[in-house]
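Asks: To be precise about what I am sending: the file is called query_4.pdb and holds PDB, C-alpha atoms.
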ATOM      1  CA  MET A 107      -5.565  18.177   2.871
ATOM      2  CA  ALA A 108      -3.955  14.765   2.644
ATOM      3  CA  ARG A 109      -2.972  12.953   5.824
ATOM      4  CA  VAL A 110       0.212  10.969   6.239
ATOM      5  CA  LEU A 111       0.263   7.874   8.423
ATOM      6  CA  LEU A 112       3.574   6.569   9.733
ATOM      7  CA  ARG A 113       3.753   3.181  11.381
ATOM      8  CA  ILE A 114       6.971   1.508  12.450
ATOM      9  CA  TYR A 115       7.465  -2.214  12.921
ATOM     10  CA  LEU A 116      10.332  -2.372  15.376
ATOM     11  CA  THR A 117      12.947  -5.111  15.138
ATOM     12  CA  SER A 118      11.247  -6.755  18.101
ATOM     13  CA  GLY A 119       8.136  -7.098  15.928
ATOM     14  CA  THR A 120       6.295  -4.504  18.016
ATOM     15  CA  PRO A 121       4.224  -2.117  15.903
ATOM     16  CA  LEU A 122       4.576   1.517  16.910
ATOM     17  CA  GLY A 123       2.097   3.930  15.396
ATOM     18  CA  PRO A 124       0.058   7.008  16.221
ATOM     19  CA  GLY A 125      -2.448   5.025  18.317
ATOM     20  CA  LYS A 126       0.090   3.724  20.827
ATOM     21  CA  VAL A 127       1.930   7.023  20.941
ATOM     22  CA  GLN A 128      -1.301   8.891  21.629
ATOM     23  CA  LEU A 129      -1.982   6.441  24.449
ATOM     24  CA  LEU A 130       1.441   7.154  25.967
ATOM     25  CA  GLU A 131       0.771  10.883  25.703
ATOM     26  CA  SER A 132      -2.577  10.416  27.374
ATOM     27  CA  VAL A 133      -0.966   8.506  30.263
ATOM     28  CA  ARG A 134       1.541  11.337  30.580
ATOM     29  CA  ASP A 135      -1.239  13.938  30.630
ATOM     30  CA  THR A 136      -3.727  12.135  32.871
ATOM     31  CA  GLY A 137      -1.385  10.280  35.213
ATOM     32  CA  SER A 138      -3.274   7.004  34.998
ATOM     33  CA  ILE A 139      -3.943   4.212  32.550
ATOM     34  CA  SER A 140      -7.677   4.170  33.243
ATOM     35  CA  ALA A 141      -8.032   7.924  32.704
ATOM     36  CA  ALA A 142      -5.946   7.661  29.535
ATOM     37  CA  ALA A 143      -8.146   4.828  28.264
ATOM     38  CA  ARG A 144     -11.304   6.822  29.020
ATOM     39  CA  ALA A 145      -9.935   9.897  27.252
ATOM     40  CA  LEU A 146      -9.312   7.812  24.135
ATOM     41  CA  LYS A 147     -12.598   5.887  24.397
ATOM     42  CA  MET A 148     -10.681   2.653  24.742
ATOM     43  CA  SER A 149     -11.252  -0.147  27.254
ATOM     44  CA  TYR A 150      -8.908  -0.301  30.218
ATOM     45  CA  ARG A 151      -7.945  -3.816  29.160
ATOM     46  CA  SER A 152      -7.026  -2.724  25.650
ATOM     47  CA  ALA A 153      -4.955   0.188  26.953
ATOM     48  CA  TRP A 154      -3.248  -2.034  29.500
ATOM     49  CA  LEU A 155      -2.394  -4.679  26.888
ATOM     50  CA  ARG A 156      -0.865  -2.117  24.561
ATOM     51  CA  ILE A 157       1.201  -0.597  27.310
ATOM     52  CA  ASP A 158       2.266  -4.026  28.543
ATOM     53  CA  SER A 159       3.441  -5.037  25.071
ATOM     54  CA  MET A 160       5.487  -1.845  24.752
ATOM     55  CA  ASN A 161       6.894  -2.209  28.249
ATOM     56  CA  SER A 162       8.116  -5.719  27.546
ATOM     57  CA  ALA A 163       9.641  -4.791  24.181
ATOM     58  CA  PHE A 164      11.951  -2.199  25.720
ATOM     59  CA  ARG A 165      14.850  -2.608  28.140
ATOM     60  CA  THR A 166      13.045  -0.519  30.705
ATOM     61  CA  PRO A 167       9.314   0.267  30.890
ATOM     62  CA  LEU A 168       7.834   3.212  29.017
ATOM     63  CA  VAL A 169       5.079   3.490  31.619
ATOM     64  CA  ARG A 170       5.570   2.809  35.332
ATOM     65  CA  THR A 171       2.590   2.144  37.548
ATOM     66  CA  THR A 172       2.266   2.525  41.274
ATOM     67  CA  LEU A 173      -0.271   0.607  43.286
ATOM     68  CA  GLY A 174      -2.816   1.978  45.707
ATOM     69  CA  GLY A 175      -2.843   5.384  47.307
ATOM     70  CA  GLN A 176      -5.870   7.638  47.338
ATOM     71  CA  GLY A 177      -7.895   7.299  44.129
ATOM     72  CA  GLY A 178      -6.169   4.093  43.046
ATOM     73  CA  GLY A 179      -2.911   3.488  41.225
ATOM     74  CA  ALA A 180      -1.094   6.104  39.223
ATOM     75  CA  ALA A 181       0.935   5.745  36.064
ATOM     76  CA  VAL A 182       3.791   7.863  34.808
ATOM     77  CA  LEU A 183       5.661   8.032  31.555
ATOM     78  CA  THR A 184       9.310   7.173  32.221
ATOM     79  CA  ALA A 185      12.281   8.964  30.669
ATOM     80  CA  LEU A 186      12.417   6.235  28.007
ATOM     81  CA  GLY A 187       8.673   6.607  27.369
ATOM     82  CA  THR A 188       9.065  10.358  26.991
ATOM     83  CA  SER A 189      11.919   9.793  24.567
ATOM     84  CA  VAL A 190       9.974   7.286  22.446
ATOM     85  CA  VAL A 191       6.996   9.662  22.238
ATOM     86  CA  GLY A 192       9.230  12.578  21.246
ATOM     87  CA  ARG A 193      11.132  10.550  18.670
ATOM     88  CA  PHE A 194       7.941   9.239  17.102
ATOM     89  CA  ARG A 195       6.392  12.702  16.795
ATOM     90  CA  SER A 196       9.681  13.928  15.338
ATOM     91  CA  MET A 197       9.661  11.050  12.797
ATOM     92  CA  GLU A 198       6.104  11.951  11.818
ATOM     93  CA  ALA A 199       7.042  15.590  11.265
ATOM     94  CA  ALA A 200      10.146  14.583   9.275
ATOM     95  CA  THR A 201       7.995  12.266   7.160
ATOM     96  CA  ARG A 202       5.496  15.006   6.367
ATOM     97  CA  ARG A 203       8.322  17.274   5.240
ATOM     98  CA  ALA A 204      10.042  14.493   3.282
ATOM     99  CA  VAL A 205       6.953  13.537   1.259
ATOM    100  CA  ALA A 206       5.520  17.036   0.744
ATOM    101  CA  ARG A 207       6.654  17.601  -2.835
ATOM    102  CA  ASP A 208       5.734  14.177  -4.199
ATOM    103  CA  LEU A 209       2.460  14.241  -2.311
ATOM    104  CA  ALA A 210       1.490  17.616  -3.775
ATOM    105  CA  ALA A 211       2.236  16.228  -7.242
ATOM    106  CA  VAL A 212       0.065  13.153  -6.626
ATOM    107  CA  GLU A 213      -2.754  15.334  -5.311
ATOM    108  CA  LYS A 214      -2.713  17.407  -8.488
ATOM    109  CA  GLY A 215      -3.835  14.288 -10.332
ATOM    110  CA  LEU A 216      -6.974  13.935  -8.197
ATOM    111  CA  ARG A 217     -10.391  14.614  -9.611
ATOM    112  CA  PRO A 218     -11.592  17.881  -8.056
ATOM    113  CA  GLY A 219     -13.913  17.175  -5.133
ATOM    114  CA  ARG A 220     -16.445  19.804  -6.138
ATOM    115  CA  PRO A 221     -16.600  21.852  -9.305
ATOM    116  CA  ARG A 222     -14.564  25.009  -8.909
ATOM    117  CA  PRO A 223     -16.481  28.250  -8.799
ATOM    118  CA  ARG A 224     -15.857  30.005 -12.103
ATOM    119  CA  SER A 225     -15.898  33.478 -10.665
ATOM    120  CA  THR A 226     -12.993  34.736 -12.742
ATOM    121  CA  ALA A 227     -13.518  32.688 -15.888
ATOM    122  CA  ARG A 228     -16.239  33.802 -18.286
ATOM    123  CA  SER A 229     -18.173  31.304 -20.324
ATOM    124  CA  PRO A 230     -17.987  31.892 -24.086
ATOM    125  CA  LYS A 231     -21.678  32.773 -24.128
ATOM    126  CA  SER A 232     -21.278  35.802 -21.883
ATOM    127  CA  ARG A 233     -18.950  37.496 -24.324
TER
ATOM    128  CA  MET B 299      15.803  -4.408  11.025
ATOM    129  CA  ALA B 300      12.784  -2.199  11.623
ATOM    130  CA  ARG B 301      10.264  -1.685   8.859
ATOM    131  CA  VAL B 302       8.636   1.624   8.059
ATOM    132  CA  LEU B 303       5.076   1.731   6.762
ATOM    133  CA  LEU B 304       3.853   4.811   4.937
ATOM    134  CA  ARG B 305       0.179   5.226   4.159
ATOM    135  CA  ILE B 306      -1.341   8.342   2.666
ATOM    136  CA  TYR B 307      -4.964   9.403   2.991
ATOM    137  CA  LEU B 308      -5.485  11.562  -0.062
ATOM    138  CA  THR B 309      -7.714  14.617   0.058
ATOM    139  CA  SER B 310     -10.321  12.604  -1.808
ATOM    140  CA  GLY B 311     -10.398  10.225   1.177
ATOM    141  CA  THR B 312      -8.719   7.490  -0.850
ATOM    142  CA  PRO B 313      -6.095   5.586   1.124
ATOM    143  CA  LEU B 314      -2.888   4.992  -0.799
ATOM    144  CA  GLY B 315      -0.439   2.537   0.710
ATOM    145  CA  PRO B 316       2.017  -0.197  -0.205
ATOM    146  CA  GLY B 317      -0.755  -2.713  -0.963
ATOM    147  CA  LYS B 318      -2.411  -0.662  -3.688
ATOM    148  CA  VAL B 319       0.910   0.436  -5.124
ATOM    149  CA  GLN B 320       2.118  -3.165  -5.296
ATOM    150  CA  LEU B 321      -1.098  -4.030  -7.123
ATOM    151  CA  LEU B 322      -0.468  -1.271  -9.668
ATOM    152  CA  GLU B 323       3.084  -2.553 -10.135
ATOM    153  CA  SER B 324       1.790  -6.055 -10.629
ATOM    154  CA  VAL B 325      -0.673  -4.873 -13.297
ATOM    155  CA  ARG B 326       2.224  -3.097 -14.997
ATOM    156  CA  ASP B 327       4.364  -6.253 -14.872
ATOM    157  CA  THR B 328       1.717  -8.816 -15.824
ATOM    158  CA  GLY B 329      -0.458  -6.793 -18.212
ATOM    159  CA  SER B 330      -3.719  -7.935 -16.676
ATOM    160  CA  ILE B 331      -5.762  -7.440 -13.530
ATOM    161  CA  SER B 332      -6.441 -11.162 -13.096
ATOM    162  CA  ALA B 333      -2.742 -12.070 -13.404
ATOM    163  CA  ALA B 334      -1.853  -9.262 -11.004
ATOM    164  CA  ALA B 335      -4.457 -10.507  -8.522
ATOM    165  CA  ARG B 336      -3.132 -14.091  -8.793
ATOM    166  CA  ALA B 337       0.450 -12.930  -8.286
ATOM    167  CA  LEU B 338      -0.586 -11.181  -5.069
ATOM    168  CA  LYS B 339      -2.884 -14.010  -3.906
ATOM    169  CA  MET B 340      -5.819 -11.657  -3.995
ATOM    170  CA  SER B 341      -9.268 -12.273  -5.471
ATOM    171  CA  TYR B 342      -9.978 -10.736  -8.858
ATOM    172  CA  ARG B 343     -12.890  -8.897  -7.299
ATOM    173  CA  SER B 344     -10.767  -7.384  -4.575
ATOM    174  CA  ALA B 345      -8.109  -6.292  -7.079
ATOM    175  CA  TRP B 346     -10.745  -4.846  -9.391
ATOM    176  CA  LEU B 347     -12.433  -2.908  -6.567
ATOM    177  CA  ARG B 348      -9.148  -1.377  -5.461
ATOM    178  CA  ILE B 349      -8.250  -0.357  -8.976
ATOM    179  CA  ASP B 350     -11.721   1.005  -9.590
ATOM    180  CA  SER B 351     -11.573   3.156  -6.453
ATOM    181  CA  MET B 352      -8.203   4.563  -7.517
ATOM    182  CA  ASN B 353      -9.375   5.137 -11.067
ATOM    183  CA  SER B 354     -12.363   7.136  -9.925
ATOM    184  CA  ALA B 355     -10.369   9.231  -7.455
ATOM    185  CA  PHE B 356      -8.069  10.572 -10.161
ATOM    186  CA  ARG B 357      -8.804  12.827 -13.142
ATOM    187  CA  THR B 358      -7.766  10.079 -15.530
ATOM    188  CA  PRO B 359      -7.500   6.345 -14.818
ATOM    189  CA  LEU B 360      -4.330   4.830 -13.366
ATOM    190  CA  VAL B 361      -5.138   1.512 -15.070
ATOM    191  CA  ARG B 362      -6.779   1.222 -18.467
ATOM    192  CA  THR B 363      -8.379  -2.041 -19.527
ATOM    193  CA  THR B 364      -9.118  -3.331 -23.002
ATOM    194  CA  LEU B 365     -11.816  -5.872 -23.644
ATOM    195  CA  GLY B 366     -11.491  -9.153 -25.528
ATOM    196  CA  GLY B 367      -8.688 -10.161 -27.836
ATOM    197  CA  GLN B 368      -6.889 -13.466 -27.589
ATOM    198  CA  GLY B 369      -6.496 -14.564 -23.980
ATOM    199  CA  GLY B 370      -9.075 -12.085 -22.680
ATOM    200  CA  GLY B 371      -8.778  -8.433 -21.733
ATOM    201  CA  ALA B 372      -5.518  -6.704 -21.016
ATOM    202  CA  ALA B 373      -4.718  -3.936 -18.557
ATOM    203  CA  VAL B 374      -2.032  -1.316 -18.718
ATOM    204  CA  LEU B 375      -0.716   1.217 -16.276
ATOM    205  CA  THR B 376      -1.292   4.690 -17.719
ATOM    206  CA  ALA B 377       1.187   7.542 -17.566
ATOM    207  CA  LEU B 378      -0.624   8.849 -14.464
ATOM    208  CA  GLY B 379      -0.531   5.359 -12.916
ATOM    209  CA  THR B 380       3.191   5.131 -13.571
ATOM    210  CA  SER B 381       3.680   8.539 -12.007
ATOM    211  CA  VAL B 382       1.666   7.675  -8.871
ATOM    212  CA  VAL B 383       3.651   4.447  -8.401
ATOM    213  CA  GLY B 384       6.966   6.264  -8.826
ATOM    214  CA  ARG B 385       5.990   9.092  -6.487
ATOM    215  CA  PHE B 386       4.802   6.673  -3.805
ATOM    216  CA  ARG B 387       8.018   4.643  -3.912
ATOM    217  CA  SER B 388       9.954   7.879  -3.797
ATOM    218  CA  MET B 389       7.940   9.018  -0.742
ATOM    219  CA  GLU B 390       8.681   5.694   0.964
ATOM    220  CA  ALA B 391      12.410   6.060   0.336
ATOM    221  CA  ALA B 392      12.362   9.667   1.534
ATOM    222  CA  THR B 393      10.512   8.568   4.674
ATOM    223  CA  ARG B 394      13.072   5.874   5.474
ATOM    224  CA  ARG B 395      15.859   8.422   5.154
ATOM    225  CA  ALA B 396      13.962  11.040   7.148
ATOM    226  CA  VAL B 397      13.287   8.770  10.128
ATOM    227  CA  ALA B 398      16.590   6.874  10.161
ATOM    228  CA  ARG B 399      18.275   8.712  13.013
ATOM    229  CA  ASP B 400      15.299   8.812  15.382
ATOM    230  CA  LEU B 401      14.440   5.224  14.545
ATOM    231  CA  ALA B 402      17.957   4.026  15.352
ATOM    232  CA  ALA B 403      17.713   5.824  18.694
ATOM    233  CA  VAL B 404      14.360   4.193  19.498
ATOM    234  CA  GLU B 405      15.732   0.777  18.547
ATOM    235  CA  LYS B 406      18.607   1.205  20.972
ATOM    236  CA  GLY B 407      16.042   1.160  23.763
ATOM    237  CA  LEU B 408      14.733  -2.272  22.763
ATOM    238  CA  ARG B 409      15.382  -5.300  24.886
ATOM    239  CA  PRO B 410      17.859  -7.508  23.002
ATOM    240  CA  GLY B 411      16.068 -10.295  21.134
ATOM    241  CA  ARG B 412      18.283 -13.030  22.541
ATOM    242  CA  PRO B 413      20.709 -12.814  25.437
ATOM    243  CA  ARG B 414      24.084 -11.660  24.201
ATOM    244  CA  PRO B 415      26.921 -14.130  24.454
ATOM    245  CA  ARG B 416      29.219 -12.863  27.207
ATOM    246  CA  SER B 417      32.390 -13.872  25.456
ATOM    247  CA  THR B 418      34.273 -10.749  26.368
ATOM    248  CA  ALA B 419      32.776 -10.008  29.789
ATOM    249  CA  ARG B 420      34.020 -12.027  32.750
ATOM    250  CA  SER B 421      31.760 -12.771  35.640
ATOM    251  CA  PRO B 422      33.068 -11.563  39.019
ATOM    252  CA  LYS B 423      33.479 -15.172  40.194
ATOM    253  CA  SER B 424      35.987 -15.990  37.514
ATOM    254  CA  ARG B 425      38.452 -13.433  38.814
TER
END
Give the structure from the file, written as structure tokens.

Replies:
Amino acid sequence: MARVLLRIYLTSGTPLGPGKVQLLESVRDTGSISAAARALKMSYRSAWLRIDSMNSAFRTPLVRTTLGGQGGGAAVLTALGTSVVGRFRSMEAATRRAVARDLAAVEKGLRPGRPRPRSTARSPKSR
Amino acid sequence: MARVLLRIYLTSGTPLGPGKVQLLESVRDTGSISAAARALKMSYRSAWLRIDSMNSAFRTPLVRTTLGGQGGGAAVLTALGTSVVGRFRSMEAATRRAVARDLAAVEKGLRPGRPRPRSTARSPKSR
């Protein structure tokens, strides 16, 4: 099965692709940047930098962090963050639908990965 | 204006994106791999490797080369190559249409690039 990758370069210059969106989803699901980074096998620094670049590109942050408390700071996806995640996943789904026919036609041109079993076809010799 | 990048990972594992498709178009327009590579500021080797990987992924080559002749070998885009280029550009256009509404909504959340002139708004002090 072919995979379709959608990446958007926003007017601000900020790239928005499946990696950043997955990170936002992981923050939403884990409630912290460090847990999200761990879940995605990414360094805390790398996760923080990505989130910081998204936060500064938008009018209001996509992720809001709170300091301290038991077990360290927490992070939540804001309403805008939730909206960006939802819109991106919706764009991905719309893209998959939009390319389906052309993609199937391109795939027909591919060399078969492994020879097809000839269970129904008989070789001339067997007749 | 936001830009939309579409990249396909074909079932064969071959990535197909705007770079490879532009290379195929350049071969079509220049009639040779070396001229296409020059036009895209790419090494001949890099262009050749990309074309070779596409050629071996498909049942029949996307680019066919002829040896010798005056001015060295020529290269032409085959019917399958032409079809793959057309389908990819069509998938890109379909993607842009498919994401337009969600993308416009995401862009509305962006921080304005430069502070808007406040020509119509009056500051409280001026009243």

Asks: Atom CA of Ala163 of chain A and atom CA of Ile114 of chain A, how far apart in Å?

Replies: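 Here the two named atoms are 13.6 Å from each other.
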
Asks: Segment 143-149 of chain A: which residues within 10 Å, counting all atoms listed in the file, same-chain residues fewer than 3 positions away excluded, as a PDB file with C-alpha atoms, keeping the file's coordinate frame?

Replies:
ATOM      1  CA  GLY A 125      -2.448   5.025  18.317  1.00  0.00           C
ATOM      2  CA  GLN A 128      -1.301   8.891  21.629  1.00  0.00           C
ATOM      3  CA  LEU A 129      -1.982   6.441  24.449  1.00  0.00           C
ATOM      4  CA  SER A 132      -2.577  10.416  27.374  1.00  0.00           C
ATOM      5  CA  VAL A 133      -0.966   8.506  30.263  1.00  0.00           C
ATOM      6  CA  THR A 136      -3.727  12.135  32.871  1.00  0.00           C
ATOM      7  CA  SER A 138      -3.274   7.004  34.998  1.00  0.00           C
ATOM      8  CA  ILE A 139      -3.943   4.212  32.550  1.00  0.00           C
ATOM      9  CA  SER A 140      -7.677   4.170  33.243  1.00  0.00           C
ATOM     10  CA  SER A 152      -7.026  -2.724  25.650  1.00  0.00           C
ATOM     11  CA  ALA A 153      -4.955   0.188  26.953  1.00  0.00           C
ATOM     12  CA  TRP A 154      -3.248  -2.034  29.500  1.00  0.00           C
ATOM     13  CA  LEU A 155      -2.394  -4.679  26.888  1.00  0.00           C
TER      14      LEU A 155
END

Asks: Given the file shown, enumerate the residues that the PyMOL selection byres ((chain A and resi 170) around 6) captures and present them as a ChimeraX atom specification.

Replies: /A:169,171,181-182

Asks: Under the rule that all atoms listed in the file are counted, which of A:Leu112, A:Ala180, A:Ala142, A:Ala206 is the nearest residue to Leu130 of chain A?

Replies: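 Result for the nearest residue to Leu130 of chain A: A:Ala142.
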
Asks: Can you superpose chain B onto chain A by least squares over all C-alpha atoms paired in order and give the moved copy as a short mmCIF file (atom, residue, chain, number, x, y, z; two decimals) with C-alpha atoms, keeping the file's coordinate frame?

Replies:
data_model
loop_
_atom_site.label_atom_id
_atom_site.label_comp_id
_atom_site.auth_asym_id
_atom_site.auth_seq_id
_atom_site.Cartn_x
_atom_site.Cartn_y
_atom_site.Cartn_z
CA MET B 299 -5.36 18.83 3.37
CA ALA B 300 -3.88 15.36 3.05
CA ARG B 301 -2.91 13.44 6.15
CA VAL B 302 0.23 11.37 6.48
CA LEU B 303 0.22 8.22 8.59
CA LEU B 304 3.51 6.81 9.82
CA ARG B 305 3.62 3.38 11.41
CA ILE B 306 6.80 1.60 12.40
CA TYR B 307 7.21 -2.15 12.78
CA LEU B 308 10.09 -2.44 15.21
CA THR B 309 12.63 -5.23 14.90
CA SER B 310 10.92 -6.90 17.84
CA GLY B 311 7.77 -7.12 15.69
CA THR B 312 6.03 -4.51 17.84
CA PRO B 313 4.00 -2.04 15.80
CA LEU B 314 4.46 1.56 16.89
CA GLY B 315 2.03 4.08 15.47
CA PRO B 316 0.06 7.19 16.37
CA GLY B 317 -2.47 5.23 18.45
CA LYS B 318 0.06 3.81 20.90
CA VAL B 319 1.98 7.05 21.08
CA GLN B 320 -1.20 8.99 21.84
CA LEU B 321 -1.91 6.49 24.61
CA LEU B 322 1.54 7.06 26.10
CA GLU B 323 0.96 10.82 25.93
CA SER B 324 -2.38 10.42 27.63
CA VAL B 325 -0.80 8.39 30.46
CA ARG B 326 1.78 11.15 30.82
CA ASP B 327 -0.94 13.82 30.94
CA THR B 328 -3.44 12.03 33.18
CA GLY B 329 -1.12 10.04 35.46
CA SER B 330 -3.11 6.84 35.19
CA ILE B 331 -3.86 4.12 32.67
CA SER B 332 -7.60 4.15 33.40
CA ALA B 333 -7.85 7.93 32.94
CA ALA B 334 -5.80 7.69 29.76
CA ALA B 335 -8.08 4.93 28.46
CA ARG B 336 -11.20 6.99 29.28
CA ALA B 337 -9.76 10.06 27.56
CA LEU B 338 -9.21 8.03 24.40
CA LYS B 339 -12.55 6.17 24.65
CA MET B 340 -10.70 2.90 24.90
CA SER B 341 -11.32 0.05 27.34
CA TYR B 342 -8.96 -0.22 30.28
CA ARG B 343 -8.09 -3.72 29.13
CA SER B 344 -7.18 -2.59 25.65
CA ALA B 345 -5.03 0.26 27.00
CA TRP B 346 -3.34 -2.06 29.47
CA LEU B 347 -2.59 -4.68 26.80
CA ARG B 348 -1.02 -2.10 24.51
CA ILE B 349 1.12 -0.70 27.28
CA ASP B 350 2.11 -4.17 28.42
CA SER B 351 3.22 -5.14 24.91
CA MET B 352 5.33 -1.99 24.65
CA ASN B 353 6.78 -2.47 28.11
CA SER B 354 7.91 -5.98 27.33
CA ALA B 355 9.42 -5.04 23.97
CA PHE B 356 11.82 -2.54 25.53
CA ARG B 357 14.74 -3.08 27.92
CA THR B 358 13.00 -1.01 30.57
CA PRO B 359 9.30 -0.13 30.80
CA LEU B 360 7.87 2.90 29.00
CA VAL B 361 5.14 3.18 31.65
CA ARG B 362 5.65 2.40 35.31
CA THR B 363 2.67 1.78 37.56
CA THR B 364 2.39 2.08 41.31
CA LEU B 365 -0.19 0.17 43.27
CA GLY B 366 -2.68 1.56 45.78
CA GLY B 367 -2.56 4.94 47.44
CA GLN B 368 -5.50 7.29 47.59
CA GLY B 369 -7.56 7.13 44.41
CA GLY B 370 -5.97 3.87 43.24
CA GLY B 371 -2.76 3.19 41.35
CA ALA B 372 -0.89 5.79 39.38
CA ALA B 373 1.09 5.46 36.17
CA VAL B 374 3.99 7.51 34.94
CA LEU B 375 5.83 7.72 31.68
CA THR B 376 9.46 6.76 32.28
CA ALA B 377 12.45 8.50 30.76
CA LEU B 378 12.51 5.84 28.01
CA GLY B 379 8.76 6.32 27.44
CA THR B 380 9.26 10.06 27.13
CA SER B 381 12.07 9.49 24.67
CA VAL B 382 10.04 7.07 22.51
CA VAL B 383 7.13 9.54 22.37
CA GLY B 384 9.43 12.42 21.43
CA ARG B 385 11.26 10.40 18.79
CA PHE B 386 8.01 9.19 17.23
CA ARG B 387 6.57 12.71 17.00
CA SER B 388 9.86 13.86 15.55
CA MET B 389 9.74 11.05 12.95
CA GLU B 390 6.20 12.08 12.02
CA ALA B 391 7.25 15.70 11.53
CA ALA B 392 10.29 14.65 9.50
CA THR B 393 8.05 12.44 7.35
CA ARG B 394 5.63 15.27 6.62
CA ARG B 395 8.51 17.47 5.53
CA ALA B 396 10.13 14.69 3.51
CA VAL B 397 7.00 13.88 1.49
CA ALA B 398 5.65 17.42 1.08
CA ARG B 399 6.77 18.04 -2.49
CA ASP B 400 5.74 14.67 -3.93
CA LEU B 401 2.49 14.78 -2.01
CA ALA B 402 1.60 18.21 -3.38
CA ALA B 403 2.26 16.89 -6.88
CA VAL B 404 0.02 13.85 -6.33
CA GLU B 405 -2.73 16.08 -4.93
CA LYS B 406 -2.65 18.21 -8.06
CA GLY B 407 -3.89 15.18 -9.96
CA LEU B 408 -7.01 14.85 -7.81
CA ARG B 409 -10.41 15.65 -9.18
CA PRO B 410 -11.59 18.87 -7.51
CA GLY B 411 -13.91 18.14 -4.59
CA ARG B 412 -16.61 20.52 -5.78
CA PRO B 413 -16.94 22.18 -9.17
CA ARG B 414 -15.01 25.42 -9.21
CA PRO B 415 -17.02 28.59 -9.56
CA ARG B 416 -16.33 29.93 -13.05
CA SER B 417 -16.32 33.54 -12.00
CA THR B 418 -13.39 34.50 -14.14
CA ALA B 419 -13.92 32.18 -17.12
CA ARG B 420 -16.54 33.16 -19.69
CA SER B 421 -18.42 30.54 -21.59
CA PRO B 422 -18.11 30.81 -25.38
CA LYS B 423 -21.81 31.70 -25.66
CA SER B 424 -21.43 34.84 -23.62
CA ARG B 425 -19.07 36.38 -26.13
#

Asks: For atom CA of Ala300 of chain B and atom CA of Pro316 of chain B, determine how far apart the two atoms are, in Å to one decimal place.

Replies: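 Value for the atom CA of Ala300 of chain B-atom CA of Pro316 of chain B distance: 16.1 Å.
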
Asks: When the cut-off is 10 Å and we count all atoms listed in the file, which residues of chain B are near chain A, given as a ChimeraX atom specification?

Replies: /B:299-315,352-360,378-379,381-411

Asks: Hey, can you check how far atom CA of Asp135 of chain A sits from atom CA of Arg151 of chain A?

Replies: 19.0 Å
